[in-house]
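So this block is data_38.cif, mmCIF, N, CA and C atoms and all ligand atoms:
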data_structure
loop_
_atom_site.label_atom_id
_atom_site.label_comp_id
_atom_site.auth_asym_id
_atom_site.auth_seq_id
_atom_site.Cartn_x
_atom_site.Cartn_y
_atom_site.Cartn_z
N MET A 1 86.10 124.85 68.00
CA MET A 1 86.06 124.60 69.46
C MET A 1 86.53 125.84 70.21
N ASN A 2 87.69 126.37 69.78
CA ASN A 2 88.19 127.57 70.43
C ASN A 2 87.23 128.74 70.26
N ARG A 3 86.63 128.81 69.05
CA ARG A 3 85.70 129.91 68.80
C ARG A 3 84.49 129.80 69.71
N LEU A 4 84.04 128.57 69.95
CA LEU A 4 82.87 128.35 70.80
C LEU A 4 83.14 128.89 72.21
N ILE A 5 84.30 128.56 72.75
CA ILE A 5 84.63 129.01 74.11
C ILE A 5 84.80 130.52 74.14
N ALA A 6 85.48 131.04 73.10
CA ALA A 6 85.75 132.46 73.06
C ALA A 6 84.46 133.28 73.01
N ARG A 7 83.41 132.67 72.44
CA ARG A 7 82.16 133.42 72.29
C ARG A 7 81.37 133.49 73.60
N GLN A 8 81.69 132.63 74.55
CA GLN A 8 80.97 132.67 75.83
C GLN A 8 81.42 133.90 76.62
N SER A 9 80.48 134.58 77.22
CA SER A 9 80.87 135.73 78.03
C SER A 9 81.54 135.23 79.31
N PRO A 10 82.39 136.08 79.90
CA PRO A 10 83.04 135.68 81.17
C PRO A 10 82.00 135.31 82.23
N LEU A 11 80.85 135.98 82.22
CA LEU A 11 79.82 135.69 83.22
C LEU A 11 79.31 134.27 83.06
N VAL A 12 79.05 133.86 81.83
CA VAL A 12 78.55 132.51 81.59
C VAL A 12 79.61 131.48 82.02
N LEU A 13 80.86 131.76 81.71
CA LEU A 13 81.94 130.85 82.11
C LEU A 13 82.02 130.76 83.62
N ALA A 14 81.89 131.90 84.30
CA ALA A 14 81.96 131.91 85.76
C ALA A 14 80.80 131.11 86.35
N LEU A 15 79.61 131.32 85.82
CA LEU A 15 78.44 130.60 86.32
C LEU A 15 78.59 129.10 86.11
N THR A 16 79.11 128.74 84.93
CA THR A 16 79.33 127.31 84.66
C THR A 16 80.30 126.72 85.67
N GLY A 17 81.35 127.47 85.99
CA GLY A 17 82.33 127.02 86.97
C GLY A 17 81.70 126.83 88.34
N ILE A 18 80.87 127.78 88.73
CA ILE A 18 80.22 127.71 90.05
C ILE A 18 79.28 126.50 90.10
N LEU A 19 78.51 126.32 89.02
CA LEU A 19 77.59 125.17 88.99
C LEU A 19 78.36 123.86 89.08
N PHE A 20 79.47 123.79 88.36
CA PHE A 20 80.26 122.55 88.38
C PHE A 20 80.82 122.30 89.77
N ALA A 21 81.31 123.37 90.42
CA ALA A 21 81.85 123.23 91.78
C ALA A 21 80.76 122.73 92.72
N GLY A 22 79.55 123.29 92.57
CA GLY A 22 78.44 122.86 93.42
C GLY A 22 78.11 121.41 93.19
N PHE A 23 78.16 121.01 91.93
CA PHE A 23 77.87 119.62 91.57
C PHE A 23 78.87 118.68 92.26
N VAL A 24 80.14 119.05 92.21
CA VAL A 24 81.18 118.21 92.80
C VAL A 24 81.03 118.17 94.32
N LEU A 25 80.81 119.36 94.93
CA LEU A 25 80.75 119.43 96.39
C LEU A 25 79.56 118.69 96.96
N PHE A 26 78.41 118.81 96.31
CA PHE A 26 77.21 118.25 96.93
C PHE A 26 76.83 116.90 96.36
N ALA A 27 77.58 116.45 95.34
CA ALA A 27 77.46 115.10 94.85
C ALA A 27 76.03 114.55 94.83
N PRO A 28 75.23 115.00 93.89
CA PRO A 28 73.86 114.51 93.82
C PRO A 28 73.84 113.00 93.56
N GLY A 29 72.78 112.36 93.92
CA GLY A 29 72.70 110.92 93.72
C GLY A 29 72.90 110.16 95.02
N LEU A 30 73.51 110.82 95.99
CA LEU A 30 73.66 110.19 97.30
C LEU A 30 72.48 110.61 98.17
N PRO A 31 72.16 109.80 99.16
CA PRO A 31 71.14 110.24 100.11
C PRO A 31 71.58 111.55 100.75
N ALA A 32 70.65 112.46 100.99
CA ALA A 32 70.98 113.78 101.50
C ALA A 32 71.65 113.69 102.87
N THR A 33 71.15 112.81 103.70
CA THR A 33 71.74 112.66 105.03
C THR A 33 72.08 111.19 105.26
N PRO A 34 73.29 110.80 104.84
CA PRO A 34 73.69 109.42 105.04
C PRO A 34 73.77 109.10 106.52
N ALA A 35 73.42 107.91 106.88
CA ALA A 35 73.49 107.51 108.28
C ALA A 35 74.91 107.64 108.79
N THR A 36 75.07 108.11 109.97
CA THR A 36 76.39 108.23 110.57
C THR A 36 76.92 106.85 110.89
N ARG A 37 78.09 106.58 110.39
CA ARG A 37 78.75 105.31 110.65
C ARG A 37 79.69 105.49 111.83
N ILE A 38 79.71 104.52 112.71
CA ILE A 38 80.62 104.59 113.85
C ILE A 38 81.84 103.72 113.54
N ILE A 39 83.02 104.33 113.62
CA ILE A 39 84.26 103.60 113.38
C ILE A 39 85.07 103.56 114.67
N PRO A 40 85.16 102.39 115.32
CA PRO A 40 85.97 102.30 116.53
C PRO A 40 87.45 102.31 116.18
N VAL A 41 88.22 103.14 116.88
CA VAL A 41 89.67 103.20 116.66
C VAL A 41 90.35 103.03 118.02
N LYS A 42 91.18 102.00 118.11
CA LYS A 42 91.91 101.77 119.36
C LYS A 42 93.25 102.48 119.31
N MET A 43 93.59 103.11 120.42
CA MET A 43 94.88 103.80 120.52
C MET A 43 95.62 103.19 121.70
N GLY A 44 96.78 102.59 121.41
CA GLY A 44 97.56 101.99 122.48
C GLY A 44 98.82 101.39 121.94
N ASP A 45 99.83 101.27 122.82
CA ASP A 45 101.08 100.65 122.40
C ASP A 45 101.69 101.37 121.20
N TYR A 46 101.48 102.68 121.13
CA TYR A 46 102.01 103.51 120.04
C TYR A 46 101.50 103.08 118.67
N ARG A 47 100.24 102.63 118.63
CA ARG A 47 99.62 102.25 117.36
C ARG A 47 98.18 102.73 117.35
N PHE A 48 97.68 102.96 116.12
CA PHE A 48 96.24 103.10 115.92
C PHE A 48 95.76 101.81 115.27
N LYS A 49 94.64 101.29 115.76
CA LYS A 49 94.04 100.10 115.14
C LYS A 49 92.58 100.37 114.89
N PRO A 50 92.13 100.42 113.64
CA PRO A 50 92.95 100.24 112.43
C PRO A 50 93.80 101.47 112.16
N ASP A 51 94.83 101.30 111.34
CA ASP A 51 95.63 102.48 110.99
C ASP A 51 95.29 103.01 109.60
N THR A 52 94.32 102.37 108.97
CA THR A 52 93.76 102.91 107.73
C THR A 52 92.25 102.99 107.89
N ILE A 53 91.72 104.18 107.71
CA ILE A 53 90.28 104.40 107.84
C ILE A 53 89.76 104.85 106.48
N ARG A 54 88.74 104.13 105.98
CA ARG A 54 88.21 104.45 104.65
C ARG A 54 86.82 105.05 104.74
N VAL A 55 86.66 106.21 104.15
CA VAL A 55 85.36 106.87 104.12
C VAL A 55 85.12 107.45 102.73
N GLN A 56 83.93 108.00 102.52
CA GLN A 56 83.63 108.64 101.25
C GLN A 56 83.51 110.15 101.45
N THR A 57 83.76 110.87 100.38
CA THR A 57 83.62 112.32 100.43
C THR A 57 82.19 112.70 100.82
N GLY A 58 82.06 113.57 101.77
CA GLY A 58 80.74 114.04 102.19
C GLY A 58 80.07 113.15 103.22
N GLU A 59 80.68 112.01 103.49
CA GLU A 59 80.10 111.09 104.47
C GLU A 59 80.49 111.55 105.89
N THR A 60 79.50 111.58 106.76
CA THR A 60 79.81 111.89 108.16
C THR A 60 80.02 110.59 108.90
N VAL A 61 81.19 110.45 109.49
CA VAL A 61 81.45 109.26 110.31
C VAL A 61 81.83 109.70 111.71
N GLN A 62 81.53 108.83 112.64
CA GLN A 62 81.87 109.10 114.02
C GLN A 62 83.06 108.22 114.41
N LEU A 63 84.17 108.86 114.73
CA LEU A 63 85.33 108.11 115.19
C LEU A 63 85.21 107.92 116.70
N GLU A 64 85.24 106.67 117.10
CA GLU A 64 85.14 106.36 118.53
C GLU A 64 86.55 105.99 118.99
N LEU A 65 87.23 106.97 119.56
CA LEU A 65 88.65 106.84 119.88
C LEU A 65 88.82 106.31 121.30
N THR A 66 89.38 105.12 121.41
CA THR A 66 89.56 104.53 122.74
C THR A 66 91.04 104.33 123.03
N ASN A 67 91.49 104.92 124.11
CA ASN A 67 92.86 104.75 124.57
C ASN A 67 92.91 103.50 125.44
N THR A 68 93.56 102.46 124.91
CA THR A 68 93.58 101.18 125.62
C THR A 68 94.76 101.06 126.59
N ASP A 69 95.61 102.09 126.64
CA ASP A 69 96.73 102.05 127.59
C ASP A 69 96.24 102.41 128.99
N SER A 70 96.97 101.91 129.99
CA SER A 70 96.52 102.16 131.36
C SER A 70 97.13 103.44 131.96
N LEU A 71 98.20 103.94 131.35
CA LEU A 71 98.83 105.14 131.91
C LEU A 71 99.04 106.26 130.88
N THR A 72 99.36 105.89 129.65
CA THR A 72 99.83 106.87 128.68
C THR A 72 98.67 107.61 127.99
N PRO A 73 98.66 108.93 128.08
CA PRO A 73 97.65 109.69 127.32
C PRO A 73 98.01 109.70 125.84
N HIS A 74 97.00 109.71 124.98
CA HIS A 74 97.23 109.82 123.54
C HIS A 74 96.39 110.94 122.97
N ASN A 75 96.48 111.08 121.67
CA ASN A 75 95.87 112.21 121.00
C ASN A 75 95.58 111.81 119.56
N PHE A 76 94.54 112.36 119.00
CA PHE A 76 94.22 112.12 117.60
C PHE A 76 94.25 113.45 116.88
N THR A 77 95.24 113.62 116.03
CA THR A 77 95.39 114.87 115.27
C THR A 77 95.24 114.58 113.78
N LEU A 78 94.38 115.34 113.15
CA LEU A 78 94.16 115.21 111.70
C LEU A 78 93.90 116.60 111.14
N LYS A 79 94.94 117.14 110.51
CA LYS A 79 94.84 118.47 109.91
C LYS A 79 94.88 118.32 108.40
N ALA A 80 93.77 118.62 107.75
CA ALA A 80 93.72 118.52 106.30
C ALA A 80 92.79 119.62 105.80
N GLU A 81 93.36 120.78 105.63
CA GLU A 81 92.59 121.95 105.24
C GLU A 81 91.82 121.71 103.95
N ALA A 82 92.47 121.03 103.00
CA ALA A 82 91.85 120.78 101.69
C ALA A 82 90.54 120.01 101.83
N ALA A 83 90.46 119.18 102.86
CA ALA A 83 89.26 118.36 103.06
C ALA A 83 88.37 118.93 104.16
N GLY A 84 88.72 120.11 104.66
CA GLY A 84 87.92 120.73 105.71
C GLY A 84 88.03 120.02 107.05
N LEU A 85 89.16 119.37 107.29
CA LEU A 85 89.31 118.61 108.54
C LEU A 85 90.32 119.29 109.46
N ASN A 86 89.95 119.44 110.71
CA ASN A 86 90.84 120.04 111.70
C ASN A 86 90.52 119.43 113.05
N VAL A 87 91.10 118.28 113.31
CA VAL A 87 90.81 117.53 114.54
C VAL A 87 92.06 117.51 115.41
N ASP A 88 91.87 117.73 116.69
CA ASP A 88 92.96 117.65 117.66
C ASP A 88 92.31 117.27 118.99
N THR A 89 92.21 115.97 119.22
CA THR A 89 91.43 115.46 120.36
C THR A 89 92.31 114.66 121.31
N GLU A 90 92.30 115.06 122.56
CA GLU A 90 93.05 114.35 123.60
C GLU A 90 92.24 113.16 124.10
N VAL A 91 92.90 112.04 124.33
CA VAL A 91 92.22 110.87 124.89
C VAL A 91 93.06 110.34 126.05
N SER A 92 92.55 110.53 127.24
CA SER A 92 93.26 110.08 128.44
C SER A 92 93.33 108.56 128.48
N ALA A 93 94.28 108.06 129.24
CA ALA A 93 94.45 106.61 129.39
C ALA A 93 93.13 105.99 129.85
N GLY A 94 92.74 104.92 129.17
CA GLY A 94 91.54 104.18 129.55
C GLY A 94 90.23 104.83 129.16
N LYS A 95 90.31 105.99 128.49
CA LYS A 95 89.08 106.73 128.15
C LYS A 95 88.71 106.60 126.67
N THR A 96 87.47 106.98 126.37
CA THR A 96 86.99 107.02 124.99
C THR A 96 86.46 108.42 124.68
N GLU A 97 86.87 108.94 123.53
CA GLU A 97 86.33 110.22 123.05
C GLU A 97 85.74 109.99 121.68
N VAL A 98 84.71 110.77 121.39
CA VAL A 98 84.02 110.60 120.11
C VAL A 98 84.15 111.89 119.31
N VAL A 99 84.47 111.75 118.02
CA VAL A 99 84.58 112.93 117.17
C VAL A 99 83.95 112.64 115.81
N ASP A 100 83.14 113.57 115.35
CA ASP A 100 82.50 113.43 114.03
C ASP A 100 83.36 114.12 112.98
N ILE A 101 83.53 113.45 111.85
CA ILE A 101 84.24 114.10 110.75
C ILE A 101 83.42 113.94 109.47
N THR A 102 83.52 114.95 108.59
CA THR A 102 82.88 114.90 107.28
C THR A 102 83.89 115.43 106.26
N PRO A 103 84.69 114.54 105.67
CA PRO A 103 85.70 115.00 104.71
C PRO A 103 85.04 115.56 103.45
N ARG A 104 85.54 116.71 103.00
CA ARG A 104 84.93 117.41 101.87
C ARG A 104 85.67 117.20 100.55
N ALA A 105 86.78 116.50 100.57
CA ALA A 105 87.52 116.29 99.33
C ALA A 105 88.21 114.93 99.37
N PRO A 106 88.20 114.22 98.24
CA PRO A 106 88.87 112.92 98.21
C PRO A 106 90.38 113.08 98.37
N GLY A 107 91.03 112.02 98.87
CA GLY A 107 92.47 112.04 99.04
C GLY A 107 92.88 111.15 100.19
N SER A 108 94.18 111.12 100.45
CA SER A 108 94.72 110.38 101.60
C SER A 108 95.32 111.38 102.56
N TYR A 109 94.89 111.30 103.80
CA TYR A 109 95.32 112.27 104.80
C TYR A 109 95.89 111.55 106.01
N LYS A 110 97.03 112.01 106.49
CA LYS A 110 97.68 111.39 107.64
C LYS A 110 97.05 111.88 108.94
N PHE A 111 96.82 110.94 109.86
CA PHE A 111 96.49 111.34 111.22
C PHE A 111 97.56 110.75 112.14
N TYR A 112 97.70 111.32 113.33
CA TYR A 112 98.76 110.88 114.21
C TYR A 112 98.49 111.31 115.64
N CYS A 113 99.31 110.81 116.53
CA CYS A 113 99.29 111.24 117.94
C CYS A 113 100.38 112.27 118.11
N ASN A 114 100.05 113.41 118.69
CA ASN A 114 101.05 114.50 118.79
C ASN A 114 101.82 114.49 120.11
N LYS A 115 101.69 113.40 120.88
CA LYS A 115 102.36 113.36 122.19
C LYS A 115 103.86 113.12 122.04
N LYS A 116 104.59 113.82 122.91
CA LYS A 116 106.04 113.62 122.94
C LYS A 116 106.56 114.04 124.30
N LEU A 117 107.29 113.15 124.95
CA LEU A 117 107.94 113.51 126.20
C LEU A 117 109.33 114.03 125.88
N ILE A 118 109.77 114.98 126.69
CA ILE A 118 111.09 115.56 126.46
C ILE A 118 112.16 114.46 126.52
N PHE A 119 113.11 114.54 125.60
CA PHE A 119 114.21 113.57 125.45
C PHE A 119 113.76 112.21 124.89
N MET A 120 112.49 112.07 124.54
CA MET A 120 111.99 110.79 124.02
C MET A 120 111.53 110.99 122.58
N LYS A 121 111.44 109.88 121.85
CA LYS A 121 110.85 109.94 120.51
C LYS A 121 109.37 110.27 120.64
N SER A 122 108.85 110.98 119.67
CA SER A 122 107.42 111.28 119.70
C SER A 122 106.62 110.00 119.46
N HIS A 123 105.39 110.01 119.89
CA HIS A 123 104.54 108.84 119.63
C HIS A 123 104.42 108.58 118.13
N ARG A 124 104.38 109.66 117.38
CA ARG A 124 104.28 109.51 115.92
C ARG A 124 105.51 108.79 115.38
N ASP A 125 106.69 109.20 115.87
CA ASP A 125 107.92 108.56 115.41
C ASP A 125 107.99 107.09 115.82
N ARG A 126 107.29 106.76 116.88
CA ARG A 126 107.26 105.36 117.32
C ARG A 126 106.24 104.55 116.53
N GLY A 127 105.51 105.20 115.65
CA GLY A 127 104.58 104.46 114.78
C GLY A 127 103.13 104.81 114.98
N MET A 128 102.89 105.84 115.80
CA MET A 128 101.49 106.19 116.07
C MET A 128 100.99 107.15 115.01
N GLU A 129 100.71 106.56 113.85
CA GLU A 129 100.30 107.32 112.67
C GLU A 129 99.40 106.45 111.82
N GLY A 130 98.49 107.05 111.13
CA GLY A 130 97.61 106.30 110.24
C GLY A 130 97.15 107.15 109.08
N THR A 131 96.31 106.58 108.22
CA THR A 131 95.87 107.26 107.02
C THR A 131 94.35 107.22 106.90
N LEU A 132 93.77 108.37 106.69
CA LEU A 132 92.36 108.46 106.35
C LEU A 132 92.27 108.50 104.83
N VAL A 133 91.63 107.49 104.25
CA VAL A 133 91.49 107.44 102.79
C VAL A 133 90.07 107.85 102.44
N VAL A 134 89.96 108.96 101.74
CA VAL A 134 88.66 109.50 101.38
C VAL A 134 88.41 109.25 99.89
N ALA A 135 87.45 108.38 99.62
CA ALA A 135 87.12 108.06 98.23
C ALA A 135 86.15 109.10 97.68
N PRO A 136 86.10 109.24 96.36
CA PRO A 136 85.10 110.15 95.78
C PRO A 136 83.70 109.69 96.17
N ALA A 137 82.79 110.60 96.33
CA ALA A 137 81.42 110.26 96.68
C ALA A 137 80.81 109.34 95.63
N GLY A 138 80.07 108.37 96.09
CA GLY A 138 79.36 107.47 95.16
C GLY A 138 80.17 106.31 94.67
N SER A 139 81.47 106.26 95.03
CA SER A 139 82.29 105.11 94.61
C SER A 139 82.06 103.93 95.56
N GLU A 140 82.72 102.87 95.34
CA GLU A 140 82.70 101.66 96.19
C GLU A 140 82.22 100.45 95.42
CU CU B 1 100.23 108.73 121.70
#

What is this structure when it is put down as C-alpha cells?
Ligand SMILES: [Cu+2]
Amino acid sequence: MNRLIARQSPLVLALTGILFAGFVLFAPGLPATPATRIIPVKMGDYRFKPDTIRVQTGETVQLELTNTDSLTPHNFTLKAEAAGLNVDTEVSAGKTEVVDITPRAPGSYKFYCNKKLIFMKSHRDRGMEGTLVVAPAGSE
C-alpha cells in the first residue's frame, strides 16, 4: 500500500487532490440550479423566528428578513468564511429585507443581531442569535 502511494508522482497526487476537491465542491448528482427556496425569518422582541435555519451545501436560499418591531432596528449578521458567507444586513423597524445565501461548506454557523445601545446589553446578549445548519449536499 505504501509502495503504491510512493510510486505516484507528486503531479498525479496533486491532480487527484484537485479532482476530489472539485467533486466535493460541486457535488454532482444534484440539479445544477436548484430552485431558490424562500425562508421567512421574523426579527423582533430580541429573537429570531425561526432561530434554526436548515439548508444544504450549495443550495441557494433567500432569507426574507422581517423586523416585526415597531421602533427597534435590527440586523442580520452571519460571518462564516469557511462557508463563503459574509452577511451584514440592516433591517429597519417594520421593514423587510431580502438576502440570498449559498453556503459552500457543511457545518453549524451562528447568526445574530449586532445592535447594541450604549450602557445596554447587546441584542445578541438578550437572545437575538440563531444557527444556520448546513447539511452535506444530497443528504436529507
Ligand atoms: Cu436586534

Residue neighbourhood range 83-88 of chain A, 7 Å, all atoms listed in the file, exclusion window fewer than 5 positions, as an MDAnalysis selection string: chainID A and resid 75:78 102:106

Writing out the chosen residues with N, CA and C atoms as an mmCIF file, in the frame of the given file:
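Result file follows (part04.cif):
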data_model
loop_
_atom_site.group_PDB
_atom_site.id
_atom_site.type_symbol
_atom_site.label_atom_id
_atom_site.label_comp_id
_atom_site.auth_asym_id
_atom_site.auth_seq_id
_atom_site.Cartn_x
_atom_site.Cartn_y
_atom_site.Cartn_z
ATOM 1 N N ASN A 75 96.480 111.080 121.670
ATOM 2 C CA ASN A 75 95.870 112.210 121.000
ATOM 3 C C ASN A 75 95.580 111.810 119.560
ATOM 4 N N PHE A 76 94.540 112.360 119.000
ATOM 5 C CA PHE A 76 94.220 112.120 117.600
ATOM 6 C C PHE A 76 94.250 113.450 116.880
ATOM 7 N N THR A 77 95.240 113.620 116.030
ATOM 8 C CA THR A 77 95.390 114.870 115.270
ATOM 9 C C THR A 77 95.240 114.580 113.780
ATOM 10 N N LEU A 78 94.380 115.340 113.150
ATOM 11 C CA LEU A 78 94.160 115.210 111.700
ATOM 12 C C LEU A 78 93.900 116.600 111.140
ATOM 13 N N THR A 102 83.520 114.950 108.590
ATOM 14 C CA THR A 102 82.880 114.900 107.280
ATOM 15 C C THR A 102 83.890 115.430 106.260
ATOM 16 N N PRO A 103 84.690 114.540 105.670
ATOM 17 C CA PRO A 103 85.700 115.000 104.710
ATOM 18 C C PRO A 103 85.040 115.560 103.450
ATOM 19 N N ARG A 104 85.540 116.710 103.000
ATOM 20 C CA ARG A 104 84.930 117.410 101.870
ATOM 21 C C ARG A 104 85.670 117.200 100.550
ATOM 22 N N ALA A 105 86.780 116.500 100.570
ATOM 23 C CA ALA A 105 87.520 116.290 99.330
ATOM 24 C C ALA A 105 88.210 114.930 99.370
ATOM 25 N N PRO A 106 88.200 114.220 98.240
ATOM 26 C CA PRO A 106 88.870 112.920 98.210
ATOM 27 C C PRO A 106 90.380 113.080 98.370
#

field: Minimum-distance residue to Phe48 in chain A, chosen among A:Ser122, A:Asn114, A:Thr72, A:Asn67 (using only C-alpha atoms)
entry: A:Asn67

Nearby residues (all atoms listed in the file) at most 5 Å from Leu132 in chain A, same-chain spacing under 2 positions excluded, as an mmCIF file with N, CA and C atoms, in the coordinates of the input:
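File produced: around.cif:
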data_model
loop_
_atom_site.group_PDB
_atom_site.id
_atom_site.type_symbol
_atom_site.label_atom_id
_atom_site.label_comp_id
_atom_site.auth_asym_id
_atom_site.auth_seq_id
_atom_site.Cartn_x
_atom_site.Cartn_y
_atom_site.Cartn_z
ATOM 1 N N ILE A 53 91.720 104.180 107.710
ATOM 2 C CA ILE A 53 90.280 104.400 107.840
ATOM 3 C C ILE A 53 89.760 104.850 106.480
ATOM 4 N N SER A 108 94.180 111.120 100.450
ATOM 5 C CA SER A 108 94.720 110.380 101.600
ATOM 6 C C SER A 108 95.320 111.380 102.560
ATOM 7 N N TYR A 109 94.890 111.300 103.800
ATOM 8 C CA TYR A 109 95.320 112.270 104.800
ATOM 9 C C TYR A 109 95.890 111.550 106.010
ATOM 10 N N LYS A 110 97.030 112.010 106.490
ATOM 11 C CA LYS A 110 97.680 111.390 107.640
ATOM 12 C C LYS A 110 97.050 111.880 108.940
ATOM 13 N N GLY A 130 98.490 107.050 111.130
ATOM 14 C CA GLY A 130 97.610 106.300 110.240
ATOM 15 C C GLY A 130 97.150 107.150 109.080
ATOM 16 N N VAL A 134 89.960 108.960 101.740
ATOM 17 C CA VAL A 134 88.660 109.500 101.380
ATOM 18 C C VAL A 134 88.410 109.250 99.890
#

message: as a PyMOL selection string, please: every protein or nucleic acid residue near ligand CU 1 (chain B) (cut-off 6 Å, counting only C-alpha atoms and all ligand atoms).
response: chain A and resi 46+74-75+113+115+123

- prompt: Closest to Thr36 in chain A among A:Asp69, A:Glu64, A:Glu97, A:Glu59, using only C-alpha atoms?
  reply: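 When distances to Thr36 in chain A are compared using only C-alpha atoms, the smallest one comes from A:Glu59.
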
- request: Figure out the distance between atom C of Thr52 in chain A and atom N of Val133 in chain A, please, to one decimal in Å.
  value: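 Atom C of Thr52 in chain A lies at a distance of 5.8 Å from atom N of Val133 in chain A.
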
task: Report the distance between atom N of Gly138 in chain A and CA of Thr60 in chain A in Å, rounded to one decimal place.
output: 12.6 Å

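You can rank A:Thr96, A:Thr68, A:Ser139, A:Thr89 by their closest distance to Arg54 in chain A using only C-alpha atoms, and at the top of that list sits A:Ser139.
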
- request: Write out as a PyMOL selection string all residues of range 15-139 of chain A that backbone DSSP assigns to strand (DSSP E or B).
  value: chain A and resi 37-44+47-49+52-56+61-67+74-80+85-91+96-101+107-112+129-135
